[in-house]
Amino acid sequence: HHTIHHRMSASDSNMHHVVLDSGGIIKGQTQTYHKLGAKFWTITEVLAEIRDMKARERLDLLPVDLEIRTPSEKAMHAVSSFARQTGDFAALSLVDLKVMALSYDLEVQMNGQTFLRESPKVSVVKGHVV
């Protein structure tokens with residue numbers, strides 16, 4: 001049912017890519033998946049989180065191929081560092097960080113690091129830093 005995929009072809013660069021967590025699989029509107037993207041990705045830990053019978057059935061009935069990939073160490077470091085700077089690190093699970101790291105890896109492969117920040121953007125609104 002699930003494809004393991006580690007390398008993208010040149011043609012993949014023109015596609016939209018969607019990374020799903022367990023909530024996206026269990027609660028997602030499956031009929032809209034084709035509108036969201038052409039390739040769907042997750043990590044093995046997300047699949048392990050889907051335990052109850054109805055949720056497993058939903059996973060098996062996904063109308064798209066779900067490809068499994070392990071995020072890189074570089075991506076894990078990048079998202080962990082960013083989350084520490086925003087103060088979110090303590091509230092995030094390892095699975096959360098891995099899902100974000102997979103998104104990071106795909107972004108780097110598709111667009112390089114042009115649109116990725118190493119630190120949060122600081123904005124000042126009415127004299128307050130937000």
# chains A, B, ... in the order shown; residues from 1 in each chain; ligands from 1
$ residues_around --residues "Val99 in chain A" --least-positions-apart "6" --cutoff "12 Å" --atoms "only C-alpha atoms" --output "PDB file with N, CA and C atoms, in the first residue's frame"
ATOM      1  N   VAL A  18       2.688  17.628  -0.832  1.00  0.00           N
ATOM      2  CA  VAL A  18       1.959  17.808   0.417  1.00  0.00           C
ATOM      3  C   VAL A  18       2.493  16.805   1.428  1.00  0.00           C
ATOM      4  N   VAL A  19       2.864  17.301   2.616  1.00  0.00           N
ATOM      5  CA  VAL A  19       3.312  16.433   3.702  1.00  0.00           C
ATOM      6  C   VAL A  19       2.154  16.280   4.683  1.00  0.00           C
ATOM      7  N   LEU A  20       1.777  15.032   4.959  1.00  0.00           N
ATOM      8  CA  LEU A  20       0.640  14.763   5.834  1.00  0.00           C
ATOM      9  C   LEU A  20       1.095  14.269   7.204  1.00  0.00           C
ATOM     10  N   ASP A  21       0.470  14.799   8.253  1.00  0.00           N
ATOM     11  CA  ASP A  21       0.644  14.229   9.587  1.00  0.00           C
ATOM     12  C   ASP A  21      -0.567  13.342   9.863  1.00  0.00           C
ATOM     13  N   SER A  22      -0.636  12.751  11.052  1.00  0.00           N
ATOM     14  CA  SER A  22      -1.728  11.814  11.326  1.00  0.00           C
ATOM     15  C   SER A  22      -3.093  12.513  11.282  1.00  0.00           C
ATOM     16  N   GLY A  23      -3.171  13.757  11.752  1.00  0.00           N
ATOM     17  CA  GLY A  23      -4.432  14.499  11.691  1.00  0.00           C
ATOM     18  C   GLY A  23      -4.898  14.707  10.265  1.00  0.00           C
ATOM     19  N   GLY A  24      -3.960  14.992   9.374  1.00  0.00           N
ATOM     20  CA  GLY A  24      -4.299  15.186   7.964  1.00  0.00           C
ATOM     21  C   GLY A  24      -4.835  13.926   7.321  1.00  0.00           C
ATOM     22  N   TRP A  41       3.350  12.938   0.947  1.00  0.00           N
ATOM     23  CA  TRP A  41       4.465  12.384   1.704  1.00  0.00           C
ATOM     24  C   TRP A  41       4.113  12.265   3.179  1.00  0.00           C
ATOM     25  N   THR A  42       4.766  11.329   3.860  1.00  0.00           N
ATOM     26  CA  THR A  42       4.687  11.251   5.311  1.00  0.00           C
ATOM     27  C   THR A  42       5.933  10.537   5.826  1.00  0.00           C
ATOM     28  N   ILE A  43       5.953  10.308   7.137  1.00  0.00           N
ATOM     29  CA  ILE A  43       7.058   9.592   7.769  1.00  0.00           C
ATOM     30  C   ILE A  43       6.496   8.327   8.428  1.00  0.00           C
ATOM     31  N   THR A  44       7.353   7.361   8.695  1.00  0.00           N
ATOM     32  CA  THR A  44       6.880   6.102   9.274  1.00  0.00           C
ATOM     33  C   THR A  44       6.217   6.309  10.631  1.00  0.00           C
ATOM     34  N   GLU A  45       6.701   7.275  11.403  1.00  0.00           N
ATOM     35  CA  GLU A  45       6.141   7.527  12.733  1.00  0.00           C
ATOM     36  C   GLU A  45       4.691   7.987  12.679  1.00  0.00           C
ATOM     37  N   VAL A  46       4.323   8.710  11.632  1.00  0.00           N
ATOM     38  CA  VAL A  46       2.932   9.132  11.470  1.00  0.00           C
ATOM     39  C   VAL A  46       2.047   7.910  11.249  1.00  0.00           C
ATOM     40  N   LEU A  47       2.488   6.998  10.410  1.00  0.00           N
ATOM     41  CA  LEU A  47       1.705   5.790  10.164  1.00  0.00           C
ATOM     42  C   LEU A  47       1.567   4.972  11.440  1.00  0.00           C
ATOM     43  N   ILE A  68       6.627   7.429   1.677  1.00  0.00           N
ATOM     44  CA  ILE A  68       7.271   7.508   2.988  1.00  0.00           C
ATOM     45  C   ILE A  68       8.728   7.900   2.806  1.00  0.00           C
ATOM     46  N   ARG A  69       9.152   8.831   3.641  1.00  0.00           N
ATOM     47  CA  ARG A  69      10.543   9.290   3.557  1.00  0.00           C
ATOM     48  C   ARG A  69      11.032   9.683   4.942  1.00  0.00           C
ATOM     49  N   THR A  70      12.295   9.458   5.198  1.00  0.00           N
ATOM     50  CA  THR A  70      12.918   9.848   6.462  1.00  0.00           C
ATOM     51  C   THR A  70      13.586  11.207   6.273  1.00  0.00           C
ATOM     52  N   PRO A  71      13.293  12.179   7.142  1.00  0.00           N
ATOM     53  CA  PRO A  71      13.928  13.493   6.990  1.00  0.00           C
ATOM     54  C   PRO A  71      15.426  13.423   7.289  1.00  0.00           C
ATOM     55  N   SER A  72      16.172  14.339   6.709  1.00  0.00           N
ATOM     56  CA  SER A  72      17.623  14.373   6.897  1.00  0.00           C
ATOM     57  C   SER A  72      17.980  14.940   8.267  1.00  0.00           C
ATOM     58  N   ALA A  75      17.916  18.745   8.148  1.00  0.00           N
ATOM     59  CA  ALA A  75      16.572  19.309   8.286  1.00  0.00           C
ATOM     60  C   ALA A  75      16.106  19.248   9.735  1.00  0.00           C
ATOM     61  N   MET A  76      16.389  18.136  10.418  1.00  0.00           N
ATOM     62  CA  MET A  76      16.012  18.011  11.830  1.00  0.00           C
ATOM     63  C   MET A  76      16.689  19.101  12.653  1.00  0.00           C
ATOM     64  N   VAL A  79      14.987  22.654  11.784  1.00  0.00           N
ATOM     65  CA  VAL A  79      13.666  22.919  12.366  1.00  0.00           C
ATOM     66  C   VAL A  79      13.725  22.952  13.890  1.00  0.00           C
ATOM     67  N   SER A  80      14.589  22.139  14.497  1.00  0.00           N
ATOM     68  CA  SER A  80      14.736  22.161  15.960  1.00  0.00           C
ATOM     69  C   SER A  80      15.309  23.498  16.414  1.00  0.00           C
ATOM     70  N   LEU A  92       6.535  20.725  20.987  1.00  0.00           N
ATOM     71  CA  LEU A  92       6.513  19.883  19.792  1.00  0.00           C
ATOM     72  C   LEU A  92       7.010  18.477  20.103  1.00  0.00           C
ATOM     73  N   SER A  93       6.334  17.479  19.557  1.00  0.00           N
ATOM     74  CA  SER A  93       6.784  16.094  19.706  1.00  0.00           C
ATOM     75  C   SER A  93       7.870  15.814  18.669  1.00  0.00           C
ATOM     76  N   ASP A 105      13.102  19.387   3.918  1.00  0.00           N
ATOM     77  CA  ASP A 105      13.884  18.670   2.903  1.00  0.00           C
ATOM     78  C   ASP A 105      13.277  18.815   1.518  1.00  0.00           C
ATOM     79  N   LEU A 106      11.948  18.679   1.418  1.00  0.00           N
ATOM     80  CA  LEU A 106      11.295  18.789   0.119  1.00  0.00           C
ATOM     81  C   LEU A 106      11.423  20.198  -0.451  1.00  0.00           C
TER      82      LEU A 106
END
$ residues_around --residues "Thr86 in chain A" --least-positions-apart "3" --cutoff "10 Å" --atoms "only C-alpha atoms" --output "short mmCIF file (atom, residue, chain, number, x, y, z; two decimals) with N, CA, C and O atoms, in the first residue's frame"
data_model
loop_
_atom_site.label_atom_id
_atom_site.label_comp_id
_atom_site.auth_asym_id
_atom_site.auth_seq_id
_atom_site.Cartn_x
_atom_site.Cartn_y
_atom_site.Cartn_z
N SER A 81 16.31 23.98 15.70
CA SER A 81 16.92 25.27 16.03
C SER A 81 15.90 26.40 15.91
O SER A 81 15.80 27.27 16.77
N PHE A 82 15.11 26.38 14.84
CA PHE A 82 14.10 27.41 14.61
C PHE A 82 13.05 27.36 15.72
O PHE A 82 12.65 28.40 16.26
N ALA A 83 12.62 26.16 16.08
CA ALA A 83 11.58 26.01 17.11
C ALA A 83 12.09 26.46 18.48
O ALA A 83 11.32 26.99 19.29
N PHE A 89 9.74 24.78 20.85
CA PHE A 89 10.39 23.47 20.87
C PHE A 89 9.80 22.54 21.92
O PHE A 89 9.52 21.37 21.63
N SER A 119 16.20 31.99 11.19
CA SER A 119 15.68 32.50 12.46
C SER A 119 14.35 33.20 12.19
O SER A 119 14.08 33.63 11.07
N PRO A 120 13.50 33.28 13.22
CA PRO A 120 12.18 33.90 13.02
C PRO A 120 12.29 35.38 12.64
O PRO A 120 13.22 36.06 13.04
N LYS A 121 11.32 35.82 11.88
CA LYS A 121 11.24 37.23 11.52
C LYS A 121 10.66 37.99 12.72
O LYS A 121 9.63 37.59 13.27
#
$ select_by_dssp --residues "chain A" --states "alpha helix (DSSP H)" --output "ChimeraX atom specification"
/A:22-26,33-36,44-49,53-60,73-86,94-111
